[in-house]
Structures are given as C-alpha cells and as structure tokens.
>>> print(open('final.pdb').read())   # PDB, C-alpha atoms
ATOM      1  CA  MET Y   1      21.389  10.679 -13.494  1.00  0.00           C
ATOM      2  CA  GLU Y   2      17.617  10.212 -13.511  1.00  0.00           C
ATOM      3  CA  LYS Y   3      16.743  13.672 -12.232  1.00  0.00           C
ATOM      4  CA  LEU Y   4      18.595  16.803 -13.273  1.00  0.00           C
ATOM      5  CA  LEU Y   5      17.615  20.344 -12.347  1.00  0.00           C
ATOM      6  CA  ILE Y   6      19.705  23.140 -13.864  1.00  0.00           C
ATOM      7  CA  SER Y   7      19.359  26.890 -13.309  1.00  0.00           C
ATOM      8  CA  LEU Y   8      20.790  29.767 -15.323  1.00  0.00           C
ATOM      9  CA  GLU Y   9      21.526  32.964 -13.436  1.00  0.00           C
ATOM     10  CA  GLY Y  10      22.957  36.392 -14.097  1.00  0.00           C
ATOM     11  CA  ILE Y  11      22.024  40.042 -14.047  1.00  0.00           C
ATOM     12  CA  ASP Y  12      19.872  41.519 -16.814  1.00  0.00           C
ATOM     13  CA  GLY Y  13      21.692  41.516 -20.133  1.00  0.00           C
ATOM     14  CA  SER Y  14      23.949  38.567 -19.333  1.00  0.00           C
ATOM     15  CA  GLY Y  15      22.699  36.462 -22.257  1.00  0.00           C
ATOM     16  CA  LYS Y  16      20.741  33.781 -20.435  1.00  0.00           C
ATOM     17  CA  SER Y  17      18.091  33.452 -23.148  1.00  0.00           C
ATOM     18  CA  THR Y  18      20.689  32.670 -25.813  1.00  0.00           C
ATOM     19  CA  GLN Y  19      22.374  30.022 -23.690  1.00  0.00           C
ATOM     20  CA  LEU Y  20      19.052  28.470 -22.665  1.00  0.00           C
ATOM     21  CA  ASP Y  21      18.215  27.982 -26.324  1.00  0.00           C
ATOM     22  CA  LEU Y  22      21.628  26.506 -27.140  1.00  0.00           C
ATOM     23  CA  LEU Y  23      21.563  24.171 -24.148  1.00  0.00           C
ATOM     24  CA  SER Y  24      18.077  22.986 -25.020  1.00  0.00           C
ATOM     25  CA  LYS Y  25      19.146  22.183 -28.581  1.00  0.00           C
ATOM     26  CA  MET Y  26      22.187  20.274 -27.335  1.00  0.00           C
ATOM     27  CA  LEU Y  27      20.073  18.156 -24.994  1.00  0.00           C
ATOM     28  CA  GLN Y  28      17.555  17.470 -27.749  1.00  0.00           C
ATOM     29  CA  SER Y  29      20.417  16.247 -29.937  1.00  0.00           C
ATOM     30  CA  GLN Y  30      21.256  13.800 -27.137  1.00  0.00           C
ATOM     31  CA  GLY Y  31      17.745  12.365 -27.200  1.00  0.00           C
ATOM     32  CA  ARG Y  32      16.593  14.332 -24.181  1.00  0.00           C
ATOM     33  CA  ASN Y  33      13.378  16.302 -23.940  1.00  0.00           C
ATOM     34  CA  PRO Y  34      14.237  19.140 -21.565  1.00  0.00           C
ATOM     35  CA  LEU Y  35      11.597  21.362 -20.029  1.00  0.00           C
ATOM     36  CA  ILE Y  36      12.525  25.051 -20.087  1.00  0.00           C
ATOM     37  CA  LEU Y  37      10.858  27.268 -17.498  1.00  0.00           C
ATOM     38  CA  ARG Y  38      11.173  30.906 -16.517  1.00  0.00           C
ATOM     39  CA  GLU Y  39      10.710  32.463 -13.117  1.00  0.00           C
ATOM     40  CA  PRO Y  40       8.317  33.795 -12.192  1.00  0.00           C
ATOM     41  CA  GLY Y  41       5.969  31.966 -14.542  1.00  0.00           C
ATOM     42  CA  GLY Y  42       5.119  28.503 -15.756  1.00  0.00           C
ATOM     43  CA  THR Y  43       1.721  28.367 -14.044  1.00  0.00           C
ATOM     44  CA  THR Y  44      -1.400  30.505 -14.127  1.00  0.00           C
ATOM     45  CA  LEU Y  45      -0.523  31.950 -10.730  1.00  0.00           C
ATOM     46  CA  GLY Y  46       3.105  32.445 -11.702  1.00  0.00           C
ATOM     47  CA  GLU Y  47       2.284  34.342 -14.878  1.00  0.00           C
ATOM     48  CA  ARG Y  48      -0.076  36.672 -13.011  1.00  0.00           C
ATOM     49  CA  VAL Y  49       2.565  37.303 -10.354  1.00  0.00           C
ATOM     50  CA  ARG Y  50       5.056  37.983 -13.135  1.00  0.00           C
ATOM     51  CA  GLY Y  51       2.783  40.676 -14.515  1.00  0.00           C
ATOM     52  CA  ILE Y  52       2.609  42.376 -11.130  1.00  0.00           C
ATOM     53  CA  LEU Y  53       6.360  42.211 -10.547  1.00  0.00           C
ATOM     54  CA  LEU Y  54       7.256  43.642 -13.945  1.00  0.00           C
ATOM     55  CA  ASP Y  55       4.705  46.451 -13.726  1.00  0.00           C
ATOM     56  CA  GLY Y  56       6.567  49.592 -12.719  1.00  0.00           C
ATOM     57  CA  SER Y  57       3.342  51.272 -11.647  1.00  0.00           C
ATOM     58  CA  VAL Y  58       2.723  48.725  -8.873  1.00  0.00           C
ATOM     59  CA  GLU Y  59       4.562  49.790  -5.736  1.00  0.00           C
ATOM     60  CA  ARG Y  60       5.578  47.147  -3.186  1.00  0.00           C
ATOM     61  CA  SER Y  61       7.918  46.752  -0.269  1.00  0.00           C
ATOM     62  CA  ALA Y  62      11.009  44.551  -0.449  1.00  0.00           C
ATOM     63  CA  ILE Y  63       9.395  41.875   1.725  1.00  0.00           C
ATOM     64  CA  ALA Y  64       6.239  41.888  -0.437  1.00  0.00           C
ATOM     65  CA  GLU Y  65       8.398  41.416  -3.536  1.00  0.00           C
ATOM     66  CA  LEU Y  66      10.198  38.501  -1.899  1.00  0.00           C
ATOM     67  CA  LEU Y  67       6.952  36.770  -0.975  1.00  0.00           C
ATOM     68  CA  LEU Y  68       5.466  37.298  -4.431  1.00  0.00           C
ATOM     69  CA  PHE Y  69       8.455  35.567  -6.015  1.00  0.00           C
ATOM     70  CA  CYS Y  70       8.276  32.762  -3.473  1.00  0.00           C
ATOM     71  CA  SER Y  71       4.554  32.181  -3.942  1.00  0.00           C
ATOM     72  CA  ALA Y  72       5.040  31.801  -7.697  1.00  0.00           C
ATOM     73  CA  ARG Y  73       8.008  29.489  -7.090  1.00  0.00           C
ATOM     74  CA  ALA Y  74       6.132  27.273  -4.636  1.00  0.00           C
ATOM     75  CA  GLU Y  75       3.364  26.776  -7.194  1.00  0.00           C
ATOM     76  CA  LEU Y  76       5.815  26.063 -10.013  1.00  0.00           C
ATOM     77  CA  ILE Y  77       7.771  23.511  -8.007  1.00  0.00           C
ATOM     78  CA  ARG Y  78       4.782  21.502  -6.851  1.00  0.00           C
ATOM     79  CA  ARG Y  79       2.704  21.657 -10.024  1.00  0.00           C
ATOM     80  CA  VAL Y  80       5.398  21.461 -12.693  1.00  0.00           C
ATOM     81  CA  ILE Y  81       9.015  20.924 -11.630  1.00  0.00           C
ATOM     82  CA  LEU Y  82       8.700  17.946  -9.296  1.00  0.00           C
ATOM     83  CA  PRO Y  83       6.309  15.986 -11.550  1.00  0.00           C
ATOM     84  CA  THR Y  84       8.588  16.606 -14.537  1.00  0.00           C
ATOM     85  CA  LEU Y  85      11.707  15.501 -12.651  1.00  0.00           C
ATOM     86  CA  ASP Y  86       9.844  12.366 -11.572  1.00  0.00           C
ATOM     87  CA  GLU Y  87       9.356  11.584 -15.267  1.00  0.00           C
ATOM     88  CA  GLY Y  88      13.130  11.535 -15.656  1.00  0.00           C
ATOM     89  CA  ARG Y  89      13.256  14.709 -17.753  1.00  0.00           C
ATOM     90  CA  VAL Y  90      15.836  17.472 -17.427  1.00  0.00           C
ATOM     91  CA  VAL Y  91      14.401  20.743 -16.125  1.00  0.00           C
ATOM     92  CA  ILE Y  92      16.196  24.004 -16.946  1.00  0.00           C
ATOM     93  CA  LEU Y  93      15.198  27.169 -15.130  1.00  0.00           C
ATOM     94  CA  ASP Y  94      15.714  30.730 -16.275  1.00  0.00           C
ATOM     95  CA  ARG Y  95      16.320  32.035 -12.727  1.00  0.00           C
ATOM     96  CA  PHE Y  96      15.661  30.217  -9.481  1.00  0.00           C
ATOM     97  CA  ILE Y  97      16.626  30.475  -5.812  1.00  0.00           C
ATOM     98  CA  ASP Y  98      19.872  32.357  -6.398  1.00  0.00           C
ATOM     99  CA  SER Y  99      18.030  35.184  -8.144  1.00  0.00           C
ATOM    100  CA  THR Y 100      16.094  35.714  -4.937  1.00  0.00           C
ATOM    101  CA  ARG Y 101      19.271  35.735  -2.891  1.00  0.00           C
ATOM    102  CA  ALA Y 102      20.995  38.125  -5.292  1.00  0.00           C
ATOM    103  CA  TYR Y 103      18.161  40.522  -6.157  1.00  0.00           C
ATOM    104  CA  GLN Y 104      16.082  40.640  -2.977  1.00  0.00           C
ATOM    105  CA  GLY Y 105      18.900  39.686  -0.601  1.00  0.00           C
ATOM    106  CA  TYR Y 106      21.896  41.647  -1.834  1.00  0.00           C
ATOM    107  CA  GLY Y 107      20.110  44.110  -4.112  1.00  0.00           C
ATOM    108  CA  LEU Y 108      17.249  45.142  -1.837  1.00  0.00           C
ATOM    109  CA  GLY Y 109      19.120  44.453   1.393  1.00  0.00           C
ATOM    110  CA  LEU Y 110      16.884  41.812   2.954  1.00  0.00           C
ATOM    111  CA  GLY Y 111      18.880  39.744   5.433  1.00  0.00           C
ATOM    112  CA  ALA Y 112      19.941  36.170   4.773  1.00  0.00           C
ATOM    113  CA  THR Y 113      17.770  34.959   7.669  1.00  0.00           C
ATOM    114  CA  VAL Y 114      14.602  36.287   6.040  1.00  0.00           C
ATOM    115  CA  ILE Y 115      15.592  35.119   2.553  1.00  0.00           C
ATOM    116  CA  ASP Y 116      16.550  31.610   3.661  1.00  0.00           C
ATOM    117  CA  ALA Y 117      13.368  31.168   5.699  1.00  0.00           C
ATOM    118  CA  ALA Y 118      11.195  32.173   2.736  1.00  0.00           C
ATOM    119  CA  LEU Y 119      13.107  29.916   0.361  1.00  0.00           C
ATOM    120  CA  ARG Y 120      12.821  26.902   2.668  1.00  0.00           C
ATOM    121  CA  ILE Y 121       9.049  27.276   2.721  1.00  0.00           C
ATOM    122  CA  ALA Y 122       8.772  27.859  -1.025  1.00  0.00           C
ATOM    123  CA  THR Y 123      11.153  25.142  -2.238  1.00  0.00           C
ATOM    124  CA  GLY Y 124      11.019  22.456   0.419  1.00  0.00           C
ATOM    125  CA  GLY Y 125      14.797  22.275   0.055  1.00  0.00           C
ATOM    126  CA  LEU Y 126      14.882  21.738  -3.717  1.00  0.00           C
ATOM    127  CA  THR Y 127      18.264  22.880  -5.075  1.00  0.00           C
ATOM    128  CA  PRO Y 128      19.699  22.706  -8.616  1.00  0.00           C
ATOM    129  CA  ALA Y 129      22.384  20.140  -9.325  1.00  0.00           C
ATOM    130  CA  LEU Y 130      24.064  22.807 -11.443  1.00  0.00           C
ATOM    131  CA  THR Y 131      23.752  26.582 -11.467  1.00  0.00           C
ATOM    132  CA  ILE Y 132      25.281  28.380 -14.440  1.00  0.00           C
ATOM    133  CA  LEU Y 133      26.199  31.973 -13.627  1.00  0.00           C
ATOM    134  CA  LEU Y 134      26.809  34.259 -16.602  1.00  0.00           C
ATOM    135  CA  ASP Y 135      28.826  37.076 -15.094  1.00  0.00           C
ATOM    136  CA  ILE Y 136      28.933  40.528 -16.619  1.00  0.00           C
ATOM    137  CA  GLU Y 137      29.678  44.040 -15.370  1.00  0.00           C
ATOM    138  CA  ALA Y 138      26.547  45.908 -14.359  1.00  0.00           C
ATOM    139  CA  THR Y 139      27.066  48.767 -16.826  1.00  0.00           C
ATOM    140  CA  THR Y 140      27.455  46.362 -19.751  1.00  0.00           C
ATOM    141  CA  GLY Y 141      24.522  44.225 -18.691  1.00  0.00           C
ATOM    142  CA  LEU Y 142      22.179  47.175 -18.342  1.00  0.00           C
ATOM    143  CA  ARG Y 143      23.256  48.539 -21.715  1.00  0.00           C
ATOM    144  CA  ARG Y 144      22.583  45.163 -23.352  1.00  0.00           C
ATOM    145  CA  ALA Y 145      19.213  44.856 -21.614  1.00  0.00           C
ATOM    146  CA  ALA Y 146      18.152  48.324 -22.703  1.00  0.00           C
ATOM    147  CA  SER Y 147      19.158  47.588 -26.288  1.00  0.00           C
ATOM    148  CA  ALA Y 148      17.245  44.279 -26.317  1.00  0.00           C
ATOM    149  CA  SER Y 149      14.098  45.947 -24.991  1.00  0.00           C
ATOM    150  CA  ASN Y 150      14.419  48.993 -27.284  1.00  0.00           C
ATOM    151  CA  GLY Y 151      15.024  51.156 -24.236  1.00  0.00           C
ATOM    152  CA  VAL Y 152      11.800  50.121 -22.480  1.00  0.00           C
ATOM    153  CA  ALA Y 153      12.798  48.709 -19.090  1.00  0.00           C
ATOM    154  CA  ASP Y 154      10.527  46.711 -16.799  1.00  0.00           C
ATOM    155  CA  ALA Y 155      10.336  47.335 -13.071  1.00  0.00           C
ATOM    156  CA  ILE Y 156      13.326  45.095 -12.312  1.00  0.00           C
ATOM    157  CA  GLU Y 157      15.572  46.196 -15.181  1.00  0.00           C
ATOM    158  CA  GLY Y 158      14.782  49.829 -14.435  1.00  0.00           C
ATOM    159  CA  ARG Y 159      16.538  49.867 -11.096  1.00  0.00           C
ATOM    160  CA  GLU Y 160      19.655  51.950 -10.772  1.00  0.00           C
ATOM    161  CA  LEU Y 161      23.203  50.934 -11.582  1.00  0.00           C
ATOM    162  CA  ALA Y 162      24.198  50.702  -7.897  1.00  0.00           C
ATOM    163  CA  PHE Y 163      21.406  48.191  -7.307  1.00  0.00           C
ATOM    164  CA  MET Y 164      22.508  46.008 -10.209  1.00  0.00           C
ATOM    165  CA  GLU Y 165      26.119  46.144  -9.051  1.00  0.00           C
ATOM    166  CA  ARG Y 166      25.026  44.863  -5.610  1.00  0.00           C
ATOM    167  CA  VAL Y 167      23.157  42.063  -7.347  1.00  0.00           C
ATOM    168  CA  ARG Y 168      26.211  41.121  -9.382  1.00  0.00           C
ATOM    169  CA  GLN Y 169      28.458  41.072  -6.319  1.00  0.00           C
ATOM    170  CA  GLY Y 170      25.829  38.979  -4.556  1.00  0.00           C
ATOM    171  CA  TYR Y 171      25.913  36.408  -7.332  1.00  0.00           C
ATOM    172  CA  LEU Y 172      29.700  36.228  -7.176  1.00  0.00           C
ATOM    173  CA  ALA Y 173      29.591  35.767  -3.406  1.00  0.00           C
ATOM    174  CA  LEU Y 174      27.067  32.945  -3.763  1.00  0.00           C
ATOM    175  CA  ALA Y 175      29.207  31.236  -6.402  1.00  0.00           C
ATOM    176  CA  GLU Y 176      32.278  31.485  -4.195  1.00  0.00           C
ATOM    177  CA  ARG Y 177      30.321  29.934  -1.339  1.00  0.00           C
ATOM    178  CA  GLU Y 178      29.203  26.913  -3.386  1.00  0.00           C
ATOM    179  CA  PRO Y 179      31.856  26.269  -6.052  1.00  0.00           C
ATOM    180  CA  GLU Y 180      30.743  22.669  -6.584  1.00  0.00           C
ATOM    181  CA  ARG Y 181      27.254  23.739  -7.683  1.00  0.00           C
ATOM    182  CA  PHE Y 182      28.128  26.895  -9.621  1.00  0.00           C
ATOM    183  CA  LEU Y 183      29.728  27.166 -13.032  1.00  0.00           C
ATOM    184  CA  THR Y 184      30.704  30.821 -13.450  1.00  0.00           C
ATOM    185  CA  ILE Y 185      31.447  32.009 -16.989  1.00  0.00           C
ATOM    186  CA  PRO Y 186      32.263  35.541 -18.193  1.00  0.00           C
ATOM    187  CA  ALA Y 187      29.246  36.563 -20.266  1.00  0.00           C
ATOM    188  CA  THR Y 188      31.420  38.616 -22.626  1.00  0.00           C
ATOM    189  CA  LYS Y 189      32.919  35.461 -24.139  1.00  0.00           C
ATOM    190  CA  PRO Y 190      31.656  34.383 -27.583  1.00  0.00           C
ATOM    191  CA  HIS Y 191      28.302  32.584 -27.399  1.00  0.00           C
ATOM    192  CA  GLU Y 192      29.785  29.385 -28.859  1.00  0.00           C
ATOM    193  CA  GLU Y 193      32.577  29.290 -26.290  1.00  0.00           C
ATOM    194  CA  ILE Y 194      30.132  29.782 -23.412  1.00  0.00           C
ATOM    195  CA  ALA Y 195      27.884  27.049 -24.804  1.00  0.00           C
ATOM    196  CA  GLN Y 196      30.801  24.644 -25.067  1.00  0.00           C
ATOM    197  CA  GLN Y 197      31.690  25.113 -21.401  1.00  0.00           C
ATOM    198  CA  ILE Y 198      28.072  24.633 -20.381  1.00  0.00           C
ATOM    199  CA  ASN Y 199      27.617  21.549 -22.555  1.00  0.00           C
ATOM    200  CA  GLU Y 200      30.730  19.882 -21.178  1.00  0.00           C
ATOM    201  CA  ARG Y 201      29.546  20.353 -17.589  1.00  0.00           C
ATOM    202  CA  VAL Y 202      25.981  19.219 -18.298  1.00  0.00           C
ATOM    203  CA  LEU Y 203      27.062  16.127 -20.215  1.00  0.00           C
ATOM    204  CA  LYS Y 204      29.394  15.221 -17.367  1.00  0.00           C
ATOM    205  CA  LEU Y 205      26.449  15.359 -14.971  1.00  0.00           C
ATOM    206  CA  LEU Y 206      24.234  13.313 -17.276  1.00  0.00           C
ATOM    207  CA  ASN Y 207      26.905  10.644 -17.630  1.00  0.00           C
ATOM    208  CA  SER Y 208      27.770  10.468 -13.931  1.00  0.00           C
TER     209      SER Y 208
END
>>> encode(input="final.pdb", output="structure tokens")
Amino acid sequence: MEKLLISLEGIDGSGKSTQLDLLSKMLQSQGRNPLILREPGGTTLGERVRGILLDGSVERSAIAELLLFCSARAELIRRVILPTLDEGRVVILDRFIDSTRAYQGYGLGLGATVIDAALRIATGGLTPALTILLDIEATTGLRRAASASNGVADAIEGRELAFMERVRQGYLALAEREPERFLTIPATKPHEEIAQQINERVLKLLNS
C-alpha cells in the first residue's frame, strides 16, 4: 500500500503515547520512516489552537471548541498529512476525526449532523485506513491520566467522570459502526500484547 494513514484513539489515560512509540519503532525496523503527529498540533496554527484548547481559563462554547479543533485539523491535513502521504510515507495520528465525534459529539452533546458537516469541511473526506481504539474504563483512564500529569489536569482531562464515560461509550459506538476500520483493544492488557496486536494488523495492511 503506497499511502497509509493510521489513527490512535482512546480516552485520556488509555496509553496511546506508549503504543505510538512502539508502533513507530516497529515500522522503522521494517525500513519505513513514519511521521507521527498529534492533534491538535503539527503546524504553527495547530500548536496555537492547542494552547487555547488546553487552557482551562479560556471559556468557550461546545460549537467554538468543535470549530477550533477543525481549523487546526484542516491546516494539518493540507500542509502536512497529504504531502507526506504523497511521498509514500506512513502517517500515524495521535487522535483524529473520531476524537471529535467522541469528545465533542458524544461528550459535549453536539449532534451528528453538526459534527459530520464540520468534519467534511475540515478533512475533505480523508479517513484513516486503520483506527486503533485503546478502550479503558473512564475511572481507570482518569486515574492514569492524573498520575501521569502529577495531578495537574488540562482543560480536557479535567472534565467530570460522566463526561469521560460518554466519550468512552461514543468511541465504542463508533467502533461498532465501522468494524472494518477499527481495531479495538482493551487498554489494560500488557503493553507488549497490545503492541503485538497492532503490529500484526498494520503489517497486514502494508503487505496487502
């Protein structure tokens, strides 16, 4: 496969950073040079938007939050993702379209019509070939996230347990809707076991 776009998803504390690192190392061992990107981020605009979104002192409505994410994503896709895919490189995203659906759609309660319209404009229809969902109970995820940040939560992590549970259920609903694209793995499994499942699926795609 000449072009391969992969996204990693999951609530805060699901272990995405660990698996991103392991997947990157595996691909490098295969002679690939993957590009790892986080959302929002990856561009000057994206990093500034990230600062706003993670700042708990900046109030915003749910629709404003959605559009901020989408503006950063539109810039990232056109300036970085598409040119990199055209080079034949693998692109791996720490969060992408399904984060918007889960967090702003299910978590904040914005309807699917609004979410889908915003995503169509931002992405131009770009969808990952594979989305890896690391599933974990909201209480466990929040506890892990708090421990990793020494108890200092950003504006997204700091939302209440009920919000994060809605996000988790949203992710599971999305995965059930598109089983061919999603690989759902319990995030409480050992890191090596999770990585093995991910590697097998990615290598299958690369060799198809």
>>> atom_distance(input="final.pdb", atom1="atom CA of Gln169 of chain Y", atom2="atom CA of Leu8 of chain Y")
16.4 Å
>>> resolve_selection(input="final.pdb", expression="the PyMOL selection byres ((chain Y and resi 129) around 9)", output="list in words")
Leu4, Leu5, Ile6, Ser7, Thr127, Pro128, Leu130, Thr131, Arg181, Phe182 and Leu205 of chain Y
>>> atom_distance(input="final.pdb", atom1="atom CA of Leu82 of chain Y", atom2="atom CA of Lys25 of chain Y")
22.3 Å
>>> residues_around(input="final.pdb", residues="Tyr103 of chain Y", least_positions_apart="4", cutoff="6 Å", atoms="only C-alpha atoms", output="list in words")
Ser99, Gly107 and Val167 of chain Y
>>> write_last_selection(input="final.pdb", atoms="C-alpha atoms", output="PDB file, in the frame of the given file")
ATOM      1  CA  SER Y  99      18.030  35.184  -8.144  1.00  0.00           C
ATOM      2  CA  GLY Y 107      20.110  44.110  -4.112  1.00  0.00           C
ATOM      3  CA  VAL Y 167      23.157  42.063  -7.347  1.00  0.00           C
TER       4      VAL Y 167
END
>>> atom_distance(input="final.pdb", atom1="atom CA of Gly10 of chain Y", atom2="atom CA of Gly111 of chain Y")
20.2 Å
>>> closest_residue(input="final.pdb", among="Y:Arg73, Y:Lys189, Y:Arg201, Y:Arg48", to="Leu93 of chain Y", atoms="only C-alpha atoms")
Y:Arg73
>>> resolve_selection(input="final.pdb", expression="the PyMOL selection byres ((chain Y and resi 45) around 10)", output="CSV table (one decimal) with C-alpha atoms, in the frame of the given file")
chain,number,residue,atom,x,y,z
Y,40,PRO,CA,8.3,33.8,-12.2
Y,41,GLY,CA,6.0,32.0,-14.5
Y,42,GLY,CA,5.1,28.5,-15.8
Y,43,THR,CA,1.7,28.4,-14.0
Y,44,THR,CA,-1.4,30.5,-14.1
Y,46,GLY,CA,3.1,32.4,-11.7
Y,47,GLU,CA,2.3,34.3,-14.9
Y,48,ARG,CA,-0.1,36.7,-13.0
Y,49,VAL,CA,2.6,37.3,-10.4
Y,50,ARG,CA,5.1,38.0,-13.1
Y,71,SER,CA,4.6,32.2,-3.9
Y,72,ALA,CA,5.0,31.8,-7.7
Y,73,ARG,CA,8.0,29.5,-7.1
Y,75,GLU,CA,3.4,26.8,-7.2
Y,76,LEU,CA,5.8,26.1,-10.0
>>> resolve_selection(input="final.pdb", expression="the PyMOL selection byres ((chain Y and resi 133) around 12)", output="MDAnalysis selection string")
chainID Y and resid 6:12 14:16 19 94:96 98:99 102 130:132 134:136 168:176 178:179 181:187 194 197:198
>>> build_atoms(input="final.pdb", residues="segment 100-123 of chain Y", atoms="N, CA and C atoms", output="short mmCIF file (atom, residue, chain, number, x, y, z; two decimals), in the coordinates of the input")
data_model
loop_
_atom_site.label_atom_id
_atom_site.label_comp_id
_atom_site.auth_asym_id
_atom_site.auth_seq_id
_atom_site.Cartn_x
_atom_site.Cartn_y
_atom_site.Cartn_z
N THR Y 100 16.68 35.13 -6.14
CA THR Y 100 16.09 35.71 -4.94
C THR Y 100 17.18 36.18 -3.98
N ARG Y 101 18.18 35.36 -3.79
CA ARG Y 101 19.27 35.74 -2.89
C ARG Y 101 20.01 36.96 -3.40
N ALA Y 102 20.23 37.02 -4.72
CA ALA Y 102 21.00 38.12 -5.29
C ALA Y 102 20.18 39.41 -5.38
N TYR Y 103 18.96 39.32 -5.92
CA TYR Y 103 18.16 40.52 -6.16
C TYR Y 103 17.50 41.04 -4.88
N GLN Y 104 16.77 40.17 -4.18
CA GLN Y 104 16.08 40.64 -2.98
C GLN Y 104 17.01 40.66 -1.76
N GLY Y 105 17.96 39.73 -1.72
CA GLY Y 105 18.90 39.69 -0.60
C GLY Y 105 19.95 40.77 -0.69
N TYR Y 106 20.82 40.67 -1.69
CA TYR Y 106 21.90 41.65 -1.83
C TYR Y 106 21.40 42.97 -2.42
N GLY Y 107 20.55 42.89 -3.45
CA GLY Y 107 20.11 44.11 -4.11
C GLY Y 107 19.22 44.98 -3.25
N LEU Y 108 18.20 44.38 -2.65
CA LEU Y 108 17.25 45.14 -1.84
C LEU Y 108 17.62 45.16 -0.36
N GLY Y 109 18.61 44.37 0.03
CA GLY Y 109 19.12 44.45 1.39
C GLY Y 109 18.37 43.64 2.43
N LEU Y 110 17.53 42.69 1.98
CA LEU Y 110 16.88 41.81 2.95
C LEU Y 110 17.92 40.85 3.52
N GLY Y 111 17.88 40.60 4.80
CA GLY Y 111 18.88 39.74 5.43
C GLY Y 111 18.77 38.30 5.02
N ALA Y 112 19.89 37.58 5.15
CA ALA Y 112 19.94 36.17 4.77
C ALA Y 112 18.95 35.34 5.58
N THR Y 113 18.70 35.72 6.84
CA THR Y 113 17.77 34.96 7.67
C THR Y 113 16.37 34.98 7.07
N VAL Y 114 15.93 36.15 6.65
CA VAL Y 114 14.60 36.29 6.04
C VAL Y 114 14.55 35.56 4.70
N ILE Y 115 15.55 35.76 3.87
CA ILE Y 115 15.59 35.12 2.55
C ILE Y 115 15.57 33.60 2.69
N ASP Y 116 16.44 33.06 3.53
CA ASP Y 116 16.55 31.61 3.66
C ASP Y 116 15.27 30.99 4.21
N ALA Y 117 14.62 31.68 5.14
CA ALA Y 117 13.37 31.17 5.70
C ALA Y 117 12.30 31.10 4.62
N ALA Y 118 12.19 32.15 3.81
CA ALA Y 118 11.20 32.17 2.74
C ALA Y 118 11.48 31.10 1.69
N LEU Y 119 12.75 30.92 1.37
CA LEU Y 119 13.11 29.92 0.36
C LEU Y 119 12.84 28.50 0.87
N ARG Y 120 13.09 28.24 2.13
CA ARG Y 120 12.82 26.90 2.67
C ARG Y 120 11.35 26.55 2.53
N ILE Y 121 10.49 27.52 2.83
CA ILE Y 121 9.05 27.28 2.72
C ILE Y 121 8.65 27.07 1.26
N ALA Y 122 9.17 27.91 0.38
CA ALA Y 122 8.77 27.86 -1.02
C ALA Y 122 9.28 26.62 -1.74
N THR Y 123 10.52 26.21 -1.45
CA THR Y 123 11.15 25.14 -2.24
C THR Y 123 11.13 23.78 -1.58
#
